[in-house]
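Note: the block below is structure_32.txt and it holds compact mmCIF, C-alpha atoms and all ligand atoms.
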# COMPACT_ATOMS: atom_id res chain seq x y z
CA MET A 1147 24.63 68.58 -191.45
CA LYS A 1148 24.67 66.34 -194.51
CA TYR A 1149 26.88 67.93 -197.14
CA ILE A 1150 26.67 67.66 -200.89
CA ASP A 1151 30.15 66.22 -201.07
CA LEU A 1152 31.78 66.56 -204.49
CA ARG A 1153 35.37 66.10 -203.30
CA SER A 1154 35.52 62.52 -204.53
CA ASP A 1155 33.52 59.33 -204.93
CA THR A 1156 35.58 57.91 -202.05
CA VAL A 1157 33.34 59.85 -199.65
CA THR A 1158 30.47 57.44 -200.30
CA TRP A 1159 29.40 55.57 -197.20
CA PRO A 1160 28.02 52.02 -197.30
CA THR A 1161 24.38 51.62 -198.30
CA GLU A 1162 21.78 50.29 -195.83
CA GLU A 1163 21.78 47.01 -197.71
CA MET A 1164 25.56 46.74 -197.41
CA ARG A 1165 25.53 47.41 -193.68
CA LYS A 1166 22.90 44.73 -193.11
CA ALA A 1167 24.79 42.22 -195.23
CA MET A 1168 28.02 43.04 -193.35
CA MET A 1169 26.32 42.26 -190.02
CA ASP A 1170 25.56 38.72 -191.15
CA ALA A 1171 28.80 38.02 -193.02
CA GLU A 1172 30.41 34.65 -192.31
CA VAL A 1173 34.05 35.13 -191.35
CA GLY A 1174 37.28 33.24 -190.68
CA ASP A 1175 41.00 33.97 -190.54
CA ASP A 1176 41.82 35.06 -194.07
CA VAL A 1177 45.57 34.60 -193.64
CA TYR A 1178 44.77 30.88 -193.24
CA GLY A 1179 42.47 31.16 -196.26
CA ASP A 1180 39.57 30.46 -193.90
CA ASP A 1181 37.30 33.41 -194.58
CA PRO A 1182 34.46 32.15 -196.79
CA THR A 1183 33.25 35.65 -197.60
CA VAL A 1184 36.67 36.83 -198.77
CA ASN A 1185 37.01 33.66 -200.84
CA ARG A 1186 33.62 34.31 -202.40
CA LEU A 1187 34.52 37.94 -203.21
CA GLU A 1188 37.86 36.96 -204.75
CA LYS A 1189 36.22 34.27 -206.88
CA MET A 1190 33.47 36.63 -207.96
CA ALA A 1191 35.93 39.43 -208.85
CA ALA A 1192 38.09 37.06 -210.90
CA GLN A 1193 35.02 35.85 -212.77
CA ILE A 1194 33.78 39.35 -213.50
CA LEU A 1195 37.12 40.36 -215.02
CA ASN A 1196 37.60 36.95 -216.61
CA LYS A 1197 40.92 36.37 -214.86
CA GLU A 1198 42.11 33.19 -213.13
CA ALA A 1199 42.39 34.61 -209.64
CA ALA A 1200 41.94 37.68 -207.44
CA LEU A 1201 43.27 39.07 -204.20
CA PHE A 1202 41.45 41.34 -201.75
CA VAL A 1203 43.60 44.25 -200.58
CA PRO A 1204 42.84 47.18 -198.27
CA THR A 1205 43.54 49.95 -200.80
CA GLY A 1206 44.01 50.64 -204.47
CA THR A 1207 47.50 51.88 -203.79
CA MET A 1208 48.41 48.57 -202.20
CA GLY A 1209 46.90 46.76 -205.20
CA ASN A 1210 48.96 48.77 -207.69
CA GLN A 1211 52.14 48.51 -205.65
CA LEU A 1212 51.71 44.77 -205.14
CA ALA A 1213 51.23 44.33 -208.87
CA ILE A 1214 54.49 46.12 -209.63
CA PHE A 1215 56.28 44.37 -206.73
CA THR A 1216 55.18 41.04 -208.21
CA HIS A 1217 55.88 41.82 -211.88
CA ILE A 1218 59.37 43.31 -211.65
CA ASN A 1219 62.85 42.79 -210.25
CA ARG A 1220 64.72 45.54 -208.42
CA GLY A 1221 66.25 48.04 -210.82
CA ASP A 1222 63.75 47.27 -213.57
CA GLU A 1223 61.98 50.05 -215.39
CA VAL A 1224 58.27 50.62 -215.07
CA ILE A 1225 57.10 52.30 -218.27
CA ILE A 1226 54.20 54.53 -217.37
CA PRO A 1227 52.41 57.68 -218.57
CA GLU A 1228 53.73 60.62 -216.53
CA ASP A 1229 50.29 61.59 -215.21
CA ASN A 1230 49.18 58.22 -213.83
CA HIS A 1231 48.11 57.79 -210.21
CA ILE A 1232 51.11 55.54 -209.54
CA VAL A 1233 53.44 58.40 -210.51
CA VAL A 1234 51.55 61.34 -209.10
CA HIS A 1235 49.65 60.11 -206.05
CA GLU A 1236 51.37 57.08 -204.53
CA THR A 1237 54.09 58.85 -202.55
CA GLY A 1238 56.99 57.41 -204.54
CA ALA A 1239 56.09 53.91 -203.34
CA VAL A 1240 57.59 52.09 -206.32
CA ALA A 1241 61.10 53.20 -205.38
CA ILE A 1242 60.57 52.13 -201.79
CA ILE A 1243 58.74 48.84 -202.22
CA SER A 1244 59.83 47.32 -205.52
CA GLY A 1245 63.06 49.21 -206.11
CA GLY A 1246 61.76 49.94 -209.59
CA ASN A 1247 62.50 52.98 -211.66
CA LEU A 1248 59.56 54.89 -213.14
CA ARG A 1249 60.27 55.56 -216.80
CA CYS A 1250 57.64 58.19 -217.46
CA LEU A 1251 56.30 58.94 -220.93
CA PRO A 1252 54.67 62.20 -222.01
CA SER A 1253 50.95 61.71 -221.75
CA GLU A 1254 47.81 63.20 -223.21
CA LYS A 1255 45.10 62.49 -220.61
CA GLY A 1256 46.78 59.20 -219.79
CA MET A 1257 47.49 58.14 -223.37
CA VAL A 1258 51.00 57.87 -224.77
CA ASP A 1259 52.43 57.74 -228.26
CA LEU A 1260 52.60 54.02 -228.96
CA ASP A 1261 55.61 54.22 -231.28
CA ARG A 1262 57.48 55.97 -228.55
CA LEU A 1263 56.34 53.34 -226.08
CA ARG A 1264 57.66 50.62 -228.38
CA ARG A 1265 61.03 52.40 -228.61
CA THR A 1266 61.19 52.84 -224.84
CA ILE A 1267 61.11 49.11 -224.03
CA ARG A 1268 64.55 47.82 -223.10
CA PHE A 1269 65.78 44.27 -222.65
CA GLY A 1270 68.97 44.79 -220.70
CA GLN A 1271 71.20 43.17 -223.34
CA ASP A 1272 73.73 45.95 -222.93
CA ILE A 1273 75.46 45.87 -219.55
CA HIS A 1274 74.46 49.52 -218.97
CA GLU A 1275 70.79 49.02 -219.66
CA PRO A 1276 68.01 48.40 -217.19
CA ARG A 1277 65.28 46.00 -218.28
CA THR A 1278 61.66 46.97 -218.72
CA GLY A 1279 59.74 45.04 -216.08
CA VAL A 1280 56.17 46.15 -216.65
CA ILE A 1281 54.07 48.67 -218.54
CA CYS A 1282 51.42 50.43 -216.46
CA ILE A 1283 48.26 52.04 -217.79
CA GLU A 1284 45.19 53.64 -216.22
CA ASN A 1285 41.60 53.40 -217.49
CA ALA A 1286 39.41 55.27 -216.68
CA HIS A 1287 42.12 57.90 -216.39
CA SER A 1288 42.02 60.31 -213.46
CA THR A 1289 41.35 63.22 -215.81
CA GLY A 1290 37.90 61.66 -216.16
CA VAL A 1291 38.40 60.35 -219.68
CA VAL A 1292 38.11 56.77 -220.85
CA HIS A 1293 40.57 55.35 -223.37
CA PRO A 1294 39.14 53.41 -226.30
CA LEU A 1295 39.58 49.65 -226.41
CA SER A 1296 41.44 49.95 -229.72
CA TYR A 1297 44.20 51.93 -227.98
CA MET A 1298 44.44 49.37 -225.19
CA GLN A 1299 44.55 46.53 -227.67
CA GLU A 1300 47.34 48.15 -229.67
CA LEU A 1301 49.36 48.83 -226.54
CA TYR A 1302 48.83 45.28 -225.30
CA THR A 1303 49.96 43.84 -228.63
CA ILE A 1304 53.21 45.82 -228.43
CA ALA A 1305 53.76 44.59 -224.87
CA LYS A 1306 53.09 40.98 -225.79
CA GLU A 1307 55.37 41.10 -228.84
CA ASN A 1308 58.10 42.13 -226.42
CA HIS A 1309 57.05 39.76 -223.59
CA ILE A 1310 56.43 42.59 -221.15
CA PRO A 1311 53.49 42.33 -218.72
CA VAL A 1312 50.88 45.10 -218.59
CA HIS A 1313 49.29 46.27 -215.36
CA LEU A 1314 46.04 48.19 -215.54
CA ASP A 1315 45.15 50.62 -212.78
CA GLY A 1316 41.41 50.24 -213.21
CA ALA A 1317 40.39 51.99 -209.99
CA ARG A 1318 37.20 53.00 -211.83
CA ILE A 1319 37.03 50.19 -214.38
CA PHE A 1320 33.26 49.84 -213.98
CA ASN A 1321 32.76 53.54 -214.75
CA ALA A 1322 34.91 53.01 -217.85
CA ALA A 1323 32.93 49.90 -218.83
CA SER A 1324 29.70 51.82 -218.42
CA TYR A 1325 30.98 54.57 -220.73
CA LEU A 1326 32.23 52.11 -223.35
CA LYS A 1327 29.05 50.03 -222.97
CA VAL A 1328 31.04 46.82 -222.55
CA GLU A 1329 31.60 44.34 -219.74
CA ALA A 1330 34.58 45.20 -217.53
CA SER A 1331 36.24 41.97 -218.72
CA GLU A 1332 36.48 43.49 -222.22
CA ILE A 1333 38.76 46.16 -220.77
CA ALA A 1334 40.62 43.77 -218.46
CA ARG A 1335 41.57 41.47 -221.36
CA TYR A 1336 44.20 43.99 -222.48
CA ALA A 1337 46.17 43.68 -219.26
CA ASP A 1338 47.86 40.84 -217.37
CA SER A 1339 46.97 42.25 -213.98
CA VAL A 1340 44.16 44.61 -213.07
CA MET A 1341 43.44 46.56 -209.90
CA PHE A 1342 40.06 48.06 -209.19
CA CYS A 1343 38.55 49.85 -206.18
CA LEU A 1344 35.42 48.82 -204.30
CA SER A 1345 35.69 51.87 -202.08
CA LYS A 1346 34.96 54.61 -204.62
CA GLY A 1347 31.72 54.99 -206.55
CA LEU A 1348 30.67 51.49 -205.49
CA CYS A 1349 30.11 52.61 -201.88
CA ALA A 1350 32.07 49.91 -200.06
CA PRO A 1351 33.81 51.42 -197.01
CA ILE A 1352 37.18 49.75 -197.69
CA GLY A 1353 38.81 47.54 -200.23
CA SER A 1354 40.28 46.96 -203.65
CA ILE A 1355 40.93 43.92 -205.79
CA LEU A 1356 43.99 42.77 -207.70
CA THR A 1357 43.40 40.17 -210.42
CA GLY A 1358 45.64 38.14 -212.70
CA THR A 1359 46.79 34.58 -213.34
CA LYS A 1360 46.70 32.11 -210.46
CA GLU A 1361 50.49 32.05 -210.37
CA PHE A 1362 50.68 35.84 -210.24
CA ILE A 1363 48.06 36.12 -207.49
CA ASP A 1364 49.76 33.39 -205.40
CA ALA A 1365 52.97 35.41 -205.56
CA ALA A 1366 51.12 38.66 -204.83
CA ARG A 1367 49.48 37.02 -201.79
CA ARG A 1368 52.92 36.35 -200.29
CA LYS A 1369 53.97 39.91 -201.03
CA ARG A 1370 50.79 41.26 -199.47
CA LYS A 1371 52.00 39.61 -196.24
CA ILE A 1372 55.32 41.46 -196.60
CA LEU A 1373 53.44 44.75 -196.81
CA GLY A 1374 51.41 43.91 -193.73
CA GLY A 1375 48.24 43.48 -195.74
CA GLY A 1376 47.33 39.98 -194.51
CA MET A 1377 44.08 40.59 -192.66
CA ARG A 1378 42.04 38.34 -190.38
CA GLN A 1379 38.21 38.20 -190.14
CA VAL A 1380 37.99 40.50 -193.07
CA GLY A 1381 34.82 38.96 -194.46
CA ILE A 1382 32.93 41.77 -192.78
CA ILE A 1383 34.32 44.26 -195.27
CA ALA A 1384 34.61 41.76 -198.11
CA GLN A 1385 30.82 41.37 -197.85
CA ALA A 1386 30.44 45.07 -198.59
CA GLY A 1387 32.53 44.42 -201.70
CA ILE A 1388 30.25 41.59 -202.76
CA THR A 1389 27.17 43.78 -202.38
CA ALA A 1390 29.03 46.52 -204.29
CA LEU A 1391 29.74 44.18 -207.20
CA GLU A 1392 26.20 42.80 -207.21
CA LYS A 1393 24.30 46.04 -206.81
CA MET A 1394 26.41 49.08 -207.54
CA THR A 1395 28.33 48.41 -210.76
CA LYS A 1396 25.27 48.61 -213.01
CA ARG A 1397 24.10 52.06 -211.91
CA LEU A 1398 27.24 54.05 -212.73
CA SER A 1399 25.74 55.53 -215.91
CA GLU A 1400 23.57 57.63 -213.56
CA ASP A 1401 26.68 59.21 -212.06
CA ARG A 1402 27.93 60.11 -215.50
CA GLU A 1403 24.53 61.53 -216.49
CA ASN A 1404 24.58 63.70 -213.39
CA ALA A 1405 28.14 64.81 -214.11
CA LEU A 1406 27.15 65.73 -217.66
CA TYR A 1407 24.11 67.58 -216.35
CA LEU A 1408 26.37 69.53 -213.99
CA ALA A 1409 28.82 70.32 -216.81
CA GLU A 1410 26.00 71.60 -219.03
CA LEU A 1411 24.58 73.77 -216.24
CA ILE A 1412 27.85 75.39 -215.21
CA LYS A 1413 28.98 75.86 -218.80
CA THR A 1414 26.59 78.79 -219.09
CA ILE A 1415 28.13 80.62 -216.10
CA PRO A 1416 30.38 83.47 -217.33
CA GLY A 1417 34.05 82.78 -216.60
CA VAL A 1418 33.60 79.01 -216.30
CA GLU A 1419 35.49 76.79 -218.71
CA VAL A 1420 34.27 73.22 -218.87
CA HIS A 1421 34.38 70.58 -221.60
CA PRO A 1422 31.32 68.31 -221.47
CA GLU A 1423 32.81 66.15 -224.24
CA ASP A 1424 35.52 65.12 -221.77
CA VAL A 1425 33.01 64.03 -219.14
CA HIS A 1426 33.22 60.27 -219.69
CA ILE A 1427 32.72 59.16 -216.11
CA ASN A 1428 31.59 60.80 -212.88
CA MET A 1429 34.04 63.71 -212.96
CA VAL A 1430 33.71 67.28 -214.11
CA PHE A 1431 36.84 69.41 -214.37
CA MET A 1432 36.31 73.14 -214.48
CA LYS A 1433 38.56 76.13 -214.83
CA ILE A 1434 37.57 79.58 -213.69
CA ASN A 1435 38.89 82.20 -216.11
CA LYS A 1436 38.42 85.07 -213.72
CA ALA A 1437 40.43 86.34 -210.79
CA ILE A 1438 38.82 84.74 -207.76
CA ASP A 1439 39.89 83.87 -204.29
CA SER A 1440 39.65 80.09 -204.47
CA SER A 1441 39.60 79.58 -200.72
CA GLY A 1442 36.75 82.11 -200.69
CA LEU A 1443 34.91 79.90 -203.17
CA THR A 1444 35.45 76.78 -201.08
CA GLU A 1445 34.21 78.63 -197.99
CA ALA A 1446 31.17 80.11 -199.74
CA LEU A 1447 30.13 76.71 -201.06
CA LYS A 1448 30.63 75.14 -197.66
CA LYS A 1449 28.19 77.65 -196.20
CA GLU A 1450 25.69 76.38 -198.79
CA GLY A 1451 26.34 72.81 -197.63
CA ILE A 1452 28.61 71.92 -200.57
CA LEU A 1453 32.10 70.46 -200.22
CA ILE A 1454 34.75 70.73 -202.93
CA ASN A 1455 38.51 70.30 -202.96
CA PRO A 1456 40.78 73.27 -203.64
CA PRO A 1457 41.93 73.55 -207.28
CA GLU A 1458 44.76 71.31 -208.50
CA ASN A 1459 46.81 72.67 -211.43
CA GLY A 1460 44.29 75.48 -211.75
CA LYS A 1461 41.34 73.15 -212.14
CA LEU A 1462 38.50 72.23 -209.83
CA ARG A 1463 37.33 68.64 -209.89
CA LEU A 1464 33.69 67.93 -209.07
CA VAL A 1465 32.81 64.28 -208.58
CA THR A 1466 29.30 62.79 -208.66
CA HIS A 1467 28.32 59.53 -206.97
CA TYR A 1468 25.48 57.52 -205.42
CA TYR A 1469 24.56 60.31 -203.00
CA ILE A 1470 24.43 63.08 -205.62
CA GLY A 1471 21.21 63.32 -207.61
CA ARG A 1472 19.80 65.89 -210.03
CA ALA A 1473 18.51 68.12 -207.23
CA GLU A 1474 21.99 68.27 -205.66
CA VAL A 1475 23.54 69.03 -209.06
CA GLU A 1476 21.13 71.93 -209.52
CA LYS A 1477 21.94 73.29 -206.09
CA VAL A 1478 25.67 73.19 -206.85
CA ALA A 1479 25.25 74.96 -210.20
CA GLU A 1480 23.16 77.64 -208.53
CA ALA A 1481 25.70 78.20 -205.73
CA LEU A 1482 28.55 78.47 -208.25
CA ASN A 1483 26.55 80.89 -210.32
CA THR A 1484 25.84 83.05 -207.27
CA PHE A 1485 29.47 83.14 -206.20
CA LEU A 1486 30.84 83.89 -209.66
CA SER A 1487 28.26 86.56 -210.46
CA ASN A 1488 29.23 88.62 -207.44
C1 LIG A 1501 41.94 56.11 -205.96
C2 LIG A 1501 42.86 55.63 -206.98
C3 LIG A 1501 43.90 54.74 -206.66
C4 LIG A 1501 44.26 54.34 -205.23
O1 LIG A 1501 43.26 53.90 -204.43
P1 LIG A 1501 43.34 54.12 -202.83
O2 LIG A 1501 42.33 53.13 -202.34
O3 LIG A 1501 42.98 55.54 -202.57
O4 LIG A 1501 44.71 53.77 -202.39
C5 LIG A 1501 44.71 54.30 -207.69
N1 LIG A 1501 44.49 54.70 -208.95
C6 LIG A 1501 43.53 55.55 -209.30
C7 LIG A 1501 43.35 55.94 -210.73
C8 LIG A 1501 42.68 56.05 -208.32
O5 LIG A 1501 41.73 56.91 -208.67
Once more with this new file: its structure as structure tokens, please.
Amino acid sequence: MKYIDLRSDTVTWPTEEMRKAMMDAEVGDDVYGDDPTVNRLEKMAAQILNKEAALFVPTGTMGNQLAIFTHINRGDEVIIPEDNHIVVHETGAVAIISGGNLRCLPSEKGMVDLDRLRRTIRFGQDIHEPRTGVICIENAHSTGVVHPLSYMQELYTIAKENHIPVHLDGARIFNAASYLKVEASEIARYADSVMFCLSKGLCAPIGSILTGTKEFIDAARRKRKILGGGMRQVGIIAQAGITALEKMTKRLSEDRENALYLAELIKTIPGVEVHPEDVHINMVFMKINKAIDSSGLTEALKKEGILINPPENGKLRLVTHYYIGRAEVEKVAEALNTFLSN
């Protein structure tokens, strides 16, 4: 059975076109720098974000962790909003890999008070004081909102005045660019390094990209080997990434339209709390203000051929993607309505 799978946009499988292109991909040993398809993808990704160089990595988590590993020294502080993926969903990797210390700031949907950020930066002049090694940000944020460029610019200016690098977790940078109606490079310019995922709404089966200066990427390439991320004839999956960048980045406004459509439909269901104004990308967050058995809901939807994750912090997250169209959205709204009306 083919499910309407709203658990994430990571559930997207490669398109027909991707699979065919993967079959014919030219390959070589990428650890020797011999894989022409990987080289092409890295060049293309760097160009798209207007950075000097790029590195293909298996996952977004590895991309983020490599960025921090490359930017900081052990014991340095990583200033970061408390609700970023790196804090919440990367298994404490910073402590293990880089020996960095996460200095978390209170966050409103991924945005921090910039005066407070400025005051948090430390230079290690005092013998007791750790140094700030990097500032991390996330856009689009995993609450589904996109931060305005003016905020990013202001944050970047503060970082540059203090000679601190900025790393952007841009897992869904193309969704953010689509919302802001700008090229992704306009977002990437406010960070020294940027990670984005090919394996989410872009339908590639595997892969993320880390971009930055040539010097930074050369160093990150060595560190990728430390993490066991040096791969061999990886052009087969890099080709899926190329097709993703060529064909899938321009259609993401459809995913947002479908998410908005879903938000509008379920908004009318009694007991459902949803904020369409916060639907900036392909994610709808909903709260059910009614005593329900949430595993009962998951089960009931599954019987209707719909997959959702259990609630996190009292909220359900519904994610649209390439394989969710208007008809699927309508079916989901109807199934929710049926369950909540009973
Ligand atoms: C998915 C995601 C990542 C990590 O990507 P993986 O490929 O799952 O390791 C990092 N940051 C954000 C915001 C994400 O959504």
Given all atoms listed in the file as the counted atoms, nearest of A:Asn1435, A:Thr1205, A:Thr1484, A:Asn1219 to Glu1450 (chain A):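 The shortest atom-to-atom distance to Glu1450 (chain A) comes from A:Thr1484.
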Polymer residues at most 12 Å from Gly1270 (chain A), all atoms listed in the file, same-chain spacing of 3 or more positions, as a list in words: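 Contacts, with the query itself left out: Gly1221, Asp1222, Glu1223, Thr1266, Ile1267, Ile1273, His1274, Glu1275, Pro1276, Arg1277, Thr1278 and Gly1279 of chain A.
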Separation of CA of Val1420 (chain A) from CA of Ile1434 (chain A) in Å: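 Atom-to-atom, CA of Ile1434 (chain A) to CA of Val1420 (chain A), that is 8.8 Å.
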Test item: residues no farther than 6 Å from ligand LIG 1501 (chain A), counting only C-alpha atoms and all ligand atoms, as a list in words: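 So, counting only C-alpha atoms and all ligand atoms, the residues near ligand LIG 1501 (chain A) are Thr1205, Gly1206, Thr1207, His1231, Ser1288, Asp1315 and Ala1317 of chain A.
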Residues from last step as file, C-alpha atoms, as a compact mmCIF listing (two decimals), in the coordinates of the input:
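Now in out_36.txt:
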# COMPACT_ATOMS: atom_id res chain seq x y z
CA THR A 1205 43.54 49.95 -200.80
CA GLY A 1206 44.01 50.64 -204.47
CA THR A 1207 47.50 51.88 -203.79
CA HIS A 1231 48.11 57.79 -210.21
CA SER A 1288 42.02 60.31 -213.46
CA ASP A 1315 45.15 50.62 -212.78
CA ALA A 1317 40.39 51.99 -209.99
Hey, can I get the axis-aligned box for region 1480-1487 of chain A? All listed atoms, 3 Å padding on each side, centre and edge lengths in Å to one decimal, as lines of an AutoDock Vina configuration file.
center_x = 27.0
center_y = 82.1
center_z = -208.1
size_x = 13.7
size_y = 14.9
size_z = 10.7
Among listed residues A:Ser1154, A:Thr1444, A:Asn1483, A:Thr1289, nearest Leu1464 (chain A) (using all atoms listed in the file):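 Nearest to Leu1464 (chain A): A:Ser1154.
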Between CA of Tyr1468 (chain A) and CA of Ala1323 (chain A) - distance in Å to one decimal: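 It comes out at 17.1 Å.
CA of Ala1334 (chain A) lies 18.6 Å from CA of Gly1387 (chain A).
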Contacts of Leu1314 (chain A) within 7 Å, only C-alpha atoms, excl. fewer than 3 positions in-chain, as a PyMOL selection string: chain A and resi 1282-1284+1337+1339-1341
